[in-house]
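Participant: So here's query.cif (mmCIF, C-alpha atoms and all ligand atoms).
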data_work
loop_
_atom_site.label_atom_id
_atom_site.label_comp_id
_atom_site.auth_asym_id
_atom_site.auth_seq_id
_atom_site.Cartn_x
_atom_site.Cartn_y
_atom_site.Cartn_z
CA MET A 469 190.83 22.57 115.60
CA ILE A 470 187.55 23.48 117.30
CA LEU A 471 186.57 27.07 116.56
CA GLU A 472 185.00 28.87 119.51
CA ARG A 473 181.72 30.48 118.54
CA GLN A 474 181.49 34.23 119.14
CA ILE A 475 178.88 35.03 121.78
CA THR A 476 176.63 37.67 120.25
CA GLU A 477 175.60 40.89 121.99
CA VAL A 478 171.99 39.64 122.13
CA GLU A 479 173.01 36.42 123.86
CA LYS A 480 174.85 38.41 126.53
CA ILE A 481 171.68 40.20 127.67
CA LYS A 482 170.55 38.58 130.92
CA ILE A 483 166.95 38.73 132.12
CA THR A 484 167.64 39.22 135.84
CA ASP A 485 166.83 42.16 138.11
CA ILE A 486 168.79 43.66 141.00
CA PHE A 487 167.04 41.29 143.45
CA GLY A 488 168.20 38.30 141.39
CA ARG A 489 164.66 37.67 140.12
CA THR A 490 164.07 36.18 136.68
CA PHE A 491 161.22 34.32 134.95
CA LYS A 492 161.10 30.55 135.39
CA THR A 493 157.35 29.92 135.37
CA LEU A 494 155.09 31.05 132.53
CA ARG A 495 151.37 31.38 133.23
CA VAL A 496 149.44 31.30 129.99
CA SER A 497 145.88 32.60 129.92
CA LEU A 498 143.96 30.71 127.21
CA THR A 499 140.82 32.83 127.38
CA ASN A 500 139.40 35.58 129.56
CA THR A 501 135.96 33.96 129.48
CA CYS A 502 134.74 31.65 132.25
CA ASN A 503 131.74 29.38 132.71
CA LEU A 504 131.55 30.31 136.41
CA ALA A 505 131.16 33.82 137.74
CA CYS A 506 132.96 33.61 141.10
CA THR A 507 132.32 36.70 143.15
CA TYR A 508 136.06 37.41 143.64
CA CYS A 509 136.55 37.58 139.84
CA ILE A 510 133.29 39.03 138.59
CA ASP A 511 131.08 41.64 140.15
CA PRO A 512 127.80 39.80 140.92
CA ALA A 513 125.97 42.85 139.52
CA ALA A 514 127.55 42.12 136.09
CA SER A 515 126.78 38.40 136.15
CA ASN A 516 123.52 37.36 134.43
CA ASN A 517 123.33 33.58 135.00
CA LYS A 518 124.17 32.61 131.41
CA THR A 519 127.03 30.19 130.79
CA PRO A 520 129.55 31.05 129.58
CA LEU A 521 129.49 34.74 130.41
CA PRO A 522 129.03 36.90 127.34
CA ASP A 523 131.97 39.17 126.57
CA SER A 524 129.71 42.16 127.19
CA ALA A 525 129.59 41.14 130.87
CA LEU A 526 133.34 41.44 131.16
CA PRO A 527 134.87 44.65 132.42
CA MET A 528 137.32 46.73 130.38
CA GLY A 529 135.70 45.78 127.05
CA LEU A 530 138.00 42.82 126.60
CA ALA A 531 135.89 40.82 124.15
CA ASN A 532 137.98 37.73 123.59
CA LYS A 533 136.64 35.24 121.12
CA LYS A 534 137.72 36.79 117.81
CA THR A 535 141.11 37.97 118.97
CA ALA A 536 142.41 35.04 121.05
CA LEU A 537 145.69 33.51 119.94
CA SER A 538 145.59 30.32 117.87
CA ASN A 539 147.31 27.14 119.00
CA GLU A 540 150.18 27.78 116.57
CA GLN A 541 150.64 31.34 117.89
CA TYR A 542 150.73 30.14 121.52
CA ILE A 543 153.32 27.48 120.67
CA LYS A 544 155.43 29.96 118.72
CA ILE A 545 155.41 32.50 121.57
CA ILE A 546 156.05 29.89 124.27
CA ALA A 547 158.91 28.38 122.23
CA ALA A 548 160.59 31.77 121.68
CA LEU A 549 160.27 32.72 125.37
CA ASN A 550 161.48 29.29 126.45
CA ASP A 551 164.58 29.55 124.25
CA ILE A 552 165.55 32.63 126.24
CA LEU A 553 164.27 31.78 129.72
CA GLU A 554 164.35 27.94 129.89
CA PHE A 555 161.16 27.63 131.90
CA ASP A 556 160.75 25.06 134.67
CA THR A 557 156.97 25.16 134.41
CA ILE A 558 154.18 26.25 132.09
CA ARG A 559 150.82 26.77 133.80
CA LEU A 560 147.71 27.00 131.62
CA THR A 561 145.01 29.16 133.11
CA GLY A 562 142.44 31.79 132.25
CA GLY A 563 139.48 32.56 132.43
CA GLU A 564 138.67 28.87 132.27
CA PRO A 565 141.32 26.97 130.27
CA LEU A 566 138.99 24.01 129.62
CA LEU A 567 136.90 26.33 127.39
CA TYR A 568 139.86 26.48 124.99
CA LYS A 569 138.99 24.01 122.23
CA GLN A 570 142.59 23.15 121.26
CA LEU A 571 143.71 22.39 124.82
CA VAL A 572 144.89 18.79 124.28
CA PRO A 573 146.97 19.61 121.13
CA LEU A 574 148.37 22.65 122.94
CA VAL A 575 149.55 20.51 125.87
CA LYS A 576 151.13 18.06 123.38
CA GLY A 577 152.83 20.95 121.55
CA ILE A 578 154.28 22.35 124.79
CA LYS A 579 155.55 18.92 125.76
CA GLU A 580 157.28 18.63 122.38
CA LEU A 581 159.22 21.80 123.25
CA GLY A 582 160.88 19.75 126.00
CA ILE A 583 159.10 21.44 128.91
CA SER A 584 158.29 18.66 131.35
CA GLU A 585 156.17 20.43 133.99
CA ILE A 586 152.90 21.34 132.29
CA LYS A 587 150.29 22.37 134.83
CA MET A 588 146.83 23.89 134.75
CA THR A 589 144.61 25.95 137.05
CA SER A 590 140.95 25.16 136.42
CA ASN A 591 137.49 25.18 137.94
CA ALA A 592 137.20 21.51 136.78
CA THR A 593 133.54 21.78 135.74
CA LEU A 594 134.44 20.42 132.26
CA LEU A 595 137.30 18.20 133.39
CA ALA A 596 135.80 14.75 134.06
CA GLY A 597 135.58 13.78 130.34
CA LYS A 598 138.97 15.26 129.44
CA ALA A 599 141.27 14.27 132.32
CA LYS A 600 142.61 11.09 130.69
CA ASP A 601 143.37 12.79 127.34
CA LEU A 602 145.09 15.68 129.10
CA GLN A 603 147.22 13.29 131.13
CA SER A 604 148.20 11.36 128.00
CA ALA A 605 149.08 14.64 126.26
CA GLY A 606 151.51 15.53 129.05
CA LEU A 607 149.59 17.47 131.71
CA THR A 608 151.28 16.67 135.03
CA SER A 609 149.32 18.61 137.62
CA ILE A 610 146.10 20.60 138.14
CA ASN A 611 145.17 23.18 140.76
CA ILE A 612 141.40 23.04 141.08
CA SER A 613 139.34 25.84 142.55
CA LEU A 614 136.92 24.50 145.16
CA ASP A 615 135.61 27.24 147.42
CA ALA A 616 133.03 25.21 149.35
CA ILE A 617 131.82 21.67 149.86
CA ASP A 618 128.29 22.78 150.71
CA PRO A 619 126.21 23.21 147.50
CA ASP A 620 124.48 26.42 148.69
CA VAL A 621 127.76 28.06 149.69
CA SER A 622 129.35 26.91 146.43
CA PHE A 623 126.46 28.48 144.49
CA SER A 624 126.69 31.74 146.42
CA ILE A 625 130.36 32.11 145.37
CA ASN A 626 130.47 30.48 141.91
CA GLN A 627 127.06 31.96 140.91
CA ARG A 628 126.43 28.66 139.09
CA ALA A 629 125.18 25.27 140.39
CA LYS A 630 128.24 23.25 139.33
CA LEU A 631 129.57 21.72 142.55
CA GLN A 632 128.94 18.10 141.50
CA LYS A 633 130.74 18.67 138.16
CA ILE A 634 133.74 20.09 140.06
CA LEU A 635 133.84 17.10 142.43
CA ASP A 636 133.58 14.68 139.47
CA GLY A 637 136.43 16.53 137.76
CA ILE A 638 138.59 16.15 140.86
CA ASP A 639 137.93 12.40 141.17
CA LYS A 640 138.54 11.73 137.44
CA SER A 641 141.83 13.66 137.51
CA ILE A 642 143.05 11.65 140.51
CA GLU A 643 142.00 8.45 138.69
CA ALA A 644 143.87 9.60 135.55
CA GLY A 645 147.08 9.95 137.58
CA ILE A 646 147.29 13.76 137.46
CA GLN A 647 148.59 15.40 140.63
CA VAL A 648 145.69 17.45 142.07
CA LYS A 649 145.79 20.37 144.49
CA ILE A 650 142.75 22.28 145.70
CA ASN A 651 142.65 26.10 145.80
CA CYS A 652 140.09 27.81 148.03
CA VAL A 653 139.77 31.61 148.23
CA VAL A 654 138.57 32.29 151.78
CA MET A 655 136.09 35.14 152.22
CA LYS A 656 134.82 36.33 155.59
CA GLY A 657 131.17 35.46 156.17
CA MET A 658 130.95 33.58 152.88
CA ASN A 659 133.01 30.39 153.15
CA ASP A 660 135.29 30.72 156.20
CA HIS A 661 133.02 28.17 157.92
CA GLN A 662 133.90 25.68 155.14
CA ILE A 663 137.60 25.48 156.01
CA LEU A 664 137.42 22.35 158.15
CA SER A 665 135.03 20.49 155.82
CA LEU A 666 137.39 21.26 152.93
CA ILE A 667 140.38 20.00 154.92
CA ASN A 668 138.52 16.77 155.70
CA TYR A 669 137.47 16.35 152.04
CA SER A 670 141.07 16.84 150.84
CA LYS A 671 142.56 14.69 153.60
CA GLU A 672 140.24 11.79 152.65
CA ARG A 673 141.59 11.96 149.07
CA ASN A 674 145.18 12.59 150.21
CA ILE A 675 145.40 15.76 148.14
CA ILE A 676 146.82 19.09 149.26
CA ILE A 677 144.51 22.04 149.81
CA ARG A 678 145.77 25.63 149.79
CA PHE A 679 143.68 28.42 151.25
CA LEU A 680 144.17 31.74 149.46
CA GLU A 681 143.93 35.11 151.11
CA LEU A 682 141.65 37.33 149.06
CA MET A 683 143.59 39.73 146.83
CA GLN A 684 142.70 43.32 146.15
CA MET A 685 141.88 42.84 142.48
CA GLY A 686 139.24 43.68 139.90
CA HIS A 687 135.90 44.89 141.25
CA LEU A 688 137.14 44.19 144.81
CA TYR A 689 139.97 46.68 144.41
CA HIS A 690 138.13 49.35 146.38
CA ASN A 691 136.28 47.22 148.93
CA PHE A 692 138.04 43.97 149.68
CA GLU A 693 138.65 44.57 153.43
CA GLN A 694 135.13 43.57 154.44
CA LEU A 695 135.65 40.09 152.90
CA PHE A 696 139.31 39.67 153.82
CA PHE A 697 140.06 36.61 156.02
CA SER A 698 143.73 36.53 157.01
CA GLU A 699 146.30 33.74 157.26
CA GLU A 700 146.17 34.23 161.03
CA GLU A 701 142.39 33.73 161.08
CA ILE A 702 142.66 30.63 158.85
CA LEU A 703 145.31 29.12 161.15
CA LYS A 704 143.23 29.93 164.24
CA THR A 705 140.20 28.18 162.71
CA ILE A 706 142.23 25.04 161.97
CA SER A 707 144.22 25.04 165.22
CA ASN A 708 140.96 24.89 167.21
CA HIS A 709 140.71 21.31 165.90
CA TYR A 710 144.21 20.21 164.96
CA GLN A 711 147.74 20.65 166.22
CA LEU A 712 149.77 22.53 163.58
CA ILE A 713 153.43 22.22 162.66
CA ALA A 714 154.87 24.85 160.27
CA LEU A 715 157.07 23.54 157.45
CA PRO A 716 160.00 25.46 155.88
CA ARG A 717 159.12 27.42 152.73
CA ASN A 718 160.60 26.40 149.37
CA PRO A 719 162.21 29.23 147.32
CA SER A 720 159.74 30.93 144.88
CA ALA A 721 156.83 28.90 146.34
CA THR A 722 153.47 30.64 146.42
CA ALA A 723 152.31 28.87 149.59
CA ASN A 724 153.44 28.32 153.16
CA TYR A 725 152.72 24.81 154.43
CA TRP A 726 151.75 23.18 157.73
CA THR A 727 151.06 19.63 158.78
CA ILE A 728 148.22 18.61 161.03
CA ASN A 729 148.49 15.52 163.21
CA THR A 730 151.87 14.99 161.48
CA ASP A 731 150.49 13.16 158.45
CA TYR A 732 148.47 15.66 156.39
CA LYS A 733 149.88 18.79 154.75
CA PHE A 734 147.91 21.92 153.80
CA GLY A 735 149.00 25.34 152.57
CA ILE A 736 148.07 29.00 152.77
CA ILE A 737 148.81 31.45 149.97
CA SER A 738 149.17 34.59 152.06
CA ASN A 739 149.04 37.08 149.25
CA VAL A 740 148.52 39.94 151.68
CA SER A 741 149.94 38.91 155.09
CA ASP A 742 153.11 37.29 153.79
CA PRO A 743 153.54 38.06 150.07
CA PHE A 744 156.18 36.18 148.09
CA CYS A 745 157.20 39.07 145.81
CA ASN A 746 160.89 38.93 146.79
CA ASP A 747 161.58 35.74 144.89
CA CYS A 748 158.61 35.71 142.49
CA ASN A 749 159.69 34.07 139.22
CA ARG A 750 156.38 34.31 137.32
CA LEU A 751 155.74 35.75 133.88
CA ARG A 752 152.19 35.98 132.51
CA LEU A 753 151.01 35.77 128.89
CA ASP A 754 147.42 36.79 128.15
CA SER A 755 145.22 35.51 125.33
CA TYR A 756 146.05 38.57 123.18
CA GLY A 757 149.81 37.97 123.15
CA ASN A 758 150.70 40.45 125.92
CA ILE A 759 153.09 39.70 128.76
CA TYR A 760 152.96 40.97 132.36
CA GLY A 761 155.75 40.71 134.93
CA CYS A 762 153.62 41.43 137.98
CA LEU A 763 150.01 41.03 139.10
CA SER A 764 150.14 44.55 140.56
CA ASP A 765 150.85 46.10 137.14
CA ASN A 766 148.05 46.28 134.57
CA ASN A 767 150.18 47.50 131.70
CA PRO A 768 150.24 44.91 128.92
CA ILE A 769 153.49 44.53 126.96
CA ASN A 770 152.86 43.09 123.52
CA ILE A 771 155.15 40.23 122.58
CA SER A 772 153.34 38.67 119.60
CA ASP A 773 154.33 41.47 117.19
CA CYS A 774 158.08 40.95 117.68
CA ILE A 775 158.33 37.26 118.47
CA ASP A 776 160.81 36.55 115.62
CA ASP A 777 163.24 39.22 116.84
CA GLU A 778 165.24 37.95 119.84
CA LEU A 779 166.66 41.36 120.72
CA GLN A 780 163.20 42.94 120.88
CA VAL A 781 161.77 40.00 122.84
CA LYS A 782 164.58 40.40 125.38
CA GLU A 783 163.97 44.14 125.63
CA ARG A 784 160.29 43.51 126.36
CA LEU A 785 161.15 40.85 128.92
CA ILE A 786 163.34 43.39 130.68
CA GLN A 787 160.39 45.82 130.65
CA ALA A 788 158.20 43.08 132.16
CA LEU A 789 160.82 42.34 134.81
CA ALA A 790 160.88 46.04 135.72
CA GLN A 791 157.14 45.77 136.50
CA LYS A 792 157.84 43.42 139.42
CA LYS A 793 157.11 45.05 142.76
CA THR A 794 158.50 44.19 146.18
CA LYS A 795 155.01 44.20 147.68
CA PHE A 796 151.63 43.34 146.14
CA SER A 797 149.73 46.62 145.79
CA GLY A 798 146.53 45.40 144.13
CA SER A 799 145.19 45.80 140.61
CA GLU A 800 141.94 46.98 139.07
CA LEU A 801 142.32 44.21 136.51
CA SER A 802 140.47 41.02 137.52
CA MET A 803 142.49 37.80 137.66
CA LEU A 804 140.11 36.61 134.94
CA HIS A 805 141.96 38.75 132.38
CA ILE A 806 145.55 38.55 133.47
CA GLY A 807 145.48 34.79 134.14
CA GLY A 808 145.30 33.46 137.73
N1 LIG B 901 139.08 29.31 135.98
C1 LIG B 901 140.21 28.78 136.65
C2 LIG B 901 139.91 28.54 138.10
O1 LIG B 901 138.78 28.71 138.53
O2 LIG B 901 140.80 28.09 138.82
C3 LIG B 901 141.49 29.57 136.47
C4 LIG B 901 141.42 31.05 136.58
S1 LIG B 901 141.16 31.67 138.21
C5 LIG B 901 141.23 33.37 137.86
C6 LIG B 901 142.68 31.29 138.96
C7 LIG B 901 142.79 31.45 140.44
O3 LIG B 901 142.67 32.78 140.79
C8 LIG B 901 141.79 30.68 141.22
O4 LIG B 901 142.43 29.82 142.12
C9 LIG B 901 141.03 31.75 141.95
O5 LIG B 901 140.58 31.26 143.10
C10 LIG B 901 142.07 32.85 142.06
N2 LIG B 901 141.58 34.23 142.26
C11 LIG B 901 140.88 34.99 141.41
N3 LIG B 901 140.61 36.21 141.93
C12 LIG B 901 141.17 36.23 143.16
C13 LIG B 901 141.26 37.20 144.20
N4 LIG B 901 140.71 38.41 144.09
N5 LIG B 901 141.95 36.87 145.31
C14 LIG B 901 142.52 35.65 145.43
N6 LIG B 901 142.46 34.70 144.49
C15 LIG B 901 141.81 34.97 143.37
#
What is this file in structure tokens?

Facilitator:
Amino acid sequence: MILERQITEVEKIKITDIFGRTFKTLRVSLTNTCNLACTYCIDPAASNNKTPLPDSALPMGLANKKTALSNEQYIKIIAALNDILEFDTIRLTGGEPLLYKQLVPLVKGIKELGISEIKMTSNATLLAGKAKDLQSAGLTSINISLDAIDPDVSFSINQRAKLQKILDGIDKSIEAGIQVKINCVVMKGMNDHQILSLINYSKERNIIIRFLELMQMGHLYHNFEQLFFSEEEILKTISNHYQLIALPRNPSATANYWTINTDYKFGIISNVSDPFCNDCNRLRLDSYGNIYGCLSDNNPINISDCIDDELQVKERLIQALAQKKTKFSGSELSMLHIGG
């Protein structure tokens, strides 16, 4: 006779909110340090042209190097969360994830947990020499930040002369068989005139580009309007040259998509004009072992100190879920810290 196992009280706890939202994607920040100093992440007044930025240049006193999680700690936390949430996707980010020395073993370790979609968001400056190893370890896709194709414009945003390294990183990733998408944060008067060149660059390589509306975060929290360039303005710029056809949105997708001339698809992540909070399924883990349920909420919830206790982990996940808003309301924490 087969004995039915008793379902425990802990197992019965469901991580779902009243809107039906849960966590299916985990964004893992591997460091809050970056080797670029993009003006949307870091106040140019705090940037001093050294690479990588010293911790002292980072706001909120978040010095990272000594306190970052080890590879084993990341795997342990990801495994425990995955047992409860059964993630579709893990996205490695930062700061700049390629600065994390144990990146290839970490990707391997995540793959061994049975998670098939392992993605990364990167500035690609250190990618060219590592793309093949990352692909072999199990990395399936990379979103690469490319804010301009003109070297002077790129320098004015990234605050570092690294455009050629980024372009090499893109080409090597495509060669290695990793799916590449480009992310471009559009800022009025800074790179809005780069939109068409970036579309042409991406179209030539048959890779998708997504234009991001600037978010009210970090040092831009109090003065982002002057740089804000809306979805409507992006579409107007493109439609002056191409005929646009809107595509239906996939559930939980960050971007809306259009085709131009029927064969090439691009996206816009309309964080402000058309936010996707209603079906957001993202959970964030920072490099100190804290989780966050929403970009609009700065309050870290520690998870590393209770990771062996399923009941406590579930309670903290419910706290994180309660952070989710129905509309993005901005955050004084830069994306650099919380993981973009
Ligand atoms: N270093 C990596 C990179 O450059 O892609 C990963 C971290 S970065 C913080 C992740 C993403 O956040 C990038 O695509 C960047 O463009 C975006 N981002 C950062 N601050 C932003 C803001 N205020 N508004 C919109 N996007 C932002």

Participant: Report, in Å with one decimal, the straight-line distance from atom CA of Leu753 of chain A to atom CA of Ile486 of chain A.

Facilitator: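 Between atom CA of Leu753 of chain A and atom CA of Ile486 of chain A the gap is 22.9 Å.
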
Participant: From the options A:Lys569, A:Lys649, A:Lys640, A:Lys600, which residue's atoms come nearest to Lys587 of chain A, counting only C-alpha atoms?

Facilitator: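 Residue with the minimum atom-to-atom distance to Lys587 of chain A: A:Lys649.
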
Participant: Residues contacting ligand LIG 901 (chain B) - anything with an atom at most 9 Å away, using all atoms listed in the file - can you give me those as a PyMOL selection string?

Facilitator: chain A and resi 497+500-504+506-510+560-566+588-592+611-615+650-654+680-689+692+737+739+802-808

Participant: Select all residues near (163.3, 39.2, 121.0) (cut-off 12 Å, inclusive, file coordinates), counting all atoms listed in the file, and output them as a short mmCIF file (atom, residue, chain, number, x, y, z; two decimals) with C-alpha atoms, in the frame of the given file.

Facilitator:
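Written output follows (result-v3.cif):
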data_model
loop_
_atom_site.label_atom_id
_atom_site.label_comp_id
_atom_site.auth_asym_id
_atom_site.auth_seq_id
_atom_site.Cartn_x
_atom_site.Cartn_y
_atom_site.Cartn_z
CA VAL A 478 171.99 39.64 122.13
CA GLU A 479 173.01 36.42 123.86
CA ILE A 481 171.68 40.20 127.67
CA ILE A 483 166.95 38.73 132.12
CA ILE A 545 155.41 32.50 121.57
CA ALA A 547 158.91 28.38 122.23
CA ALA A 548 160.59 31.77 121.68
CA LEU A 549 160.27 32.72 125.37
CA ASN A 550 161.48 29.29 126.45
CA ASP A 551 164.58 29.55 124.25
CA ILE A 552 165.55 32.63 126.24
CA LEU A 553 164.27 31.78 129.72
CA ASN A 770 152.86 43.09 123.52
CA ILE A 771 155.15 40.23 122.58
CA SER A 772 153.34 38.67 119.60
CA ASP A 773 154.33 41.47 117.19
CA CYS A 774 158.08 40.95 117.68
CA ILE A 775 158.33 37.26 118.47
CA ASP A 776 160.81 36.55 115.62
CA ASP A 777 163.24 39.22 116.84
CA GLU A 778 165.24 37.95 119.84
CA LEU A 779 166.66 41.36 120.72
CA GLN A 780 163.20 42.94 120.88
CA VAL A 781 161.77 40.00 122.84
CA LYS A 782 164.58 40.40 125.38
CA GLU A 783 163.97 44.14 125.63
CA ARG A 784 160.29 43.51 126.36
CA LEU A 785 161.15 40.85 128.92
CA ILE A 786 163.34 43.39 130.68
#

Participant: Figure out the distance between atom CA of Pro573 of chain A and atom CA of Ala505 of chain A, please, to one decimal in Å.

Facilitator: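 Separation between atom CA of Ala505 of chain A and atom CA of Pro573 of chain A: 27.0 Å.
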
Participant: From the list A:Phe734, A:Phe744, A:Phe623, A:Phe491, which residue is nearest Ala721 of chain A when using all atoms listed in the file?

Facilitator: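 For Ala721 of chain A, the nearest of the candidates is A:Phe744.
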
Participant: Counting all atoms listed in the file, which of A:Gly597, A:Pro743, A:Gly757, A:Pro512 gets nearest to Ser641 of chain A?

Facilitator: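 For Ser641 of chain A, the nearest of the candidates is A:Gly597.
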
Participant: Report as a list in words all protein, DNA and RNA residues lying within 9 Å of Ile543 of chain A, evaluated on all atoms listed in the file, omitting residues in the same chain fewer than 6 positions from it.

Facilitator: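 In the requested format, the answer is Leu574, Gly577, Ile578 and Leu581 of chain A.
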
Participant: Identify, on the basis of all atoms listed in the file, every residue whose closest approach to Asp601 of chain A does not exceed 12 Å; exclude the query and any residue fewer than 6 positions from it along the same chain; express the result as a PyMOL selection string.

Facilitator: chain A and resi 571-576+595+607-608+640-641+644-646

Participant: Between A:Glu699, A:Glu585, A:Asp556, A:Asp636, which one has atoms that come closest to Thr490 of chain A, using all atoms listed in the file?

Facilitator: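 Smallest separation from Thr490 of chain A among the options: A:Asp556.
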
Participant: What's the separation between atom CA of Arg750 of chain A and atom CA of Asn674 of chain A, in Å to one decimal place?

Facilitator: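 Answer for the atom CA of Arg750 of chain A to atom CA of Asn674 of chain A separation: 27.6 Å.
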
Participant: Using all atoms listed in the file, which of the listed residues (A:Ser622, A:Glu643, A:Met655, A:Val496) sits closest to Arg673 of chain A?

Facilitator: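 Nearest candidate to Arg673 of chain A out of A:Ser622, A:Glu643, A:Met655, A:Val496: A:Glu643.
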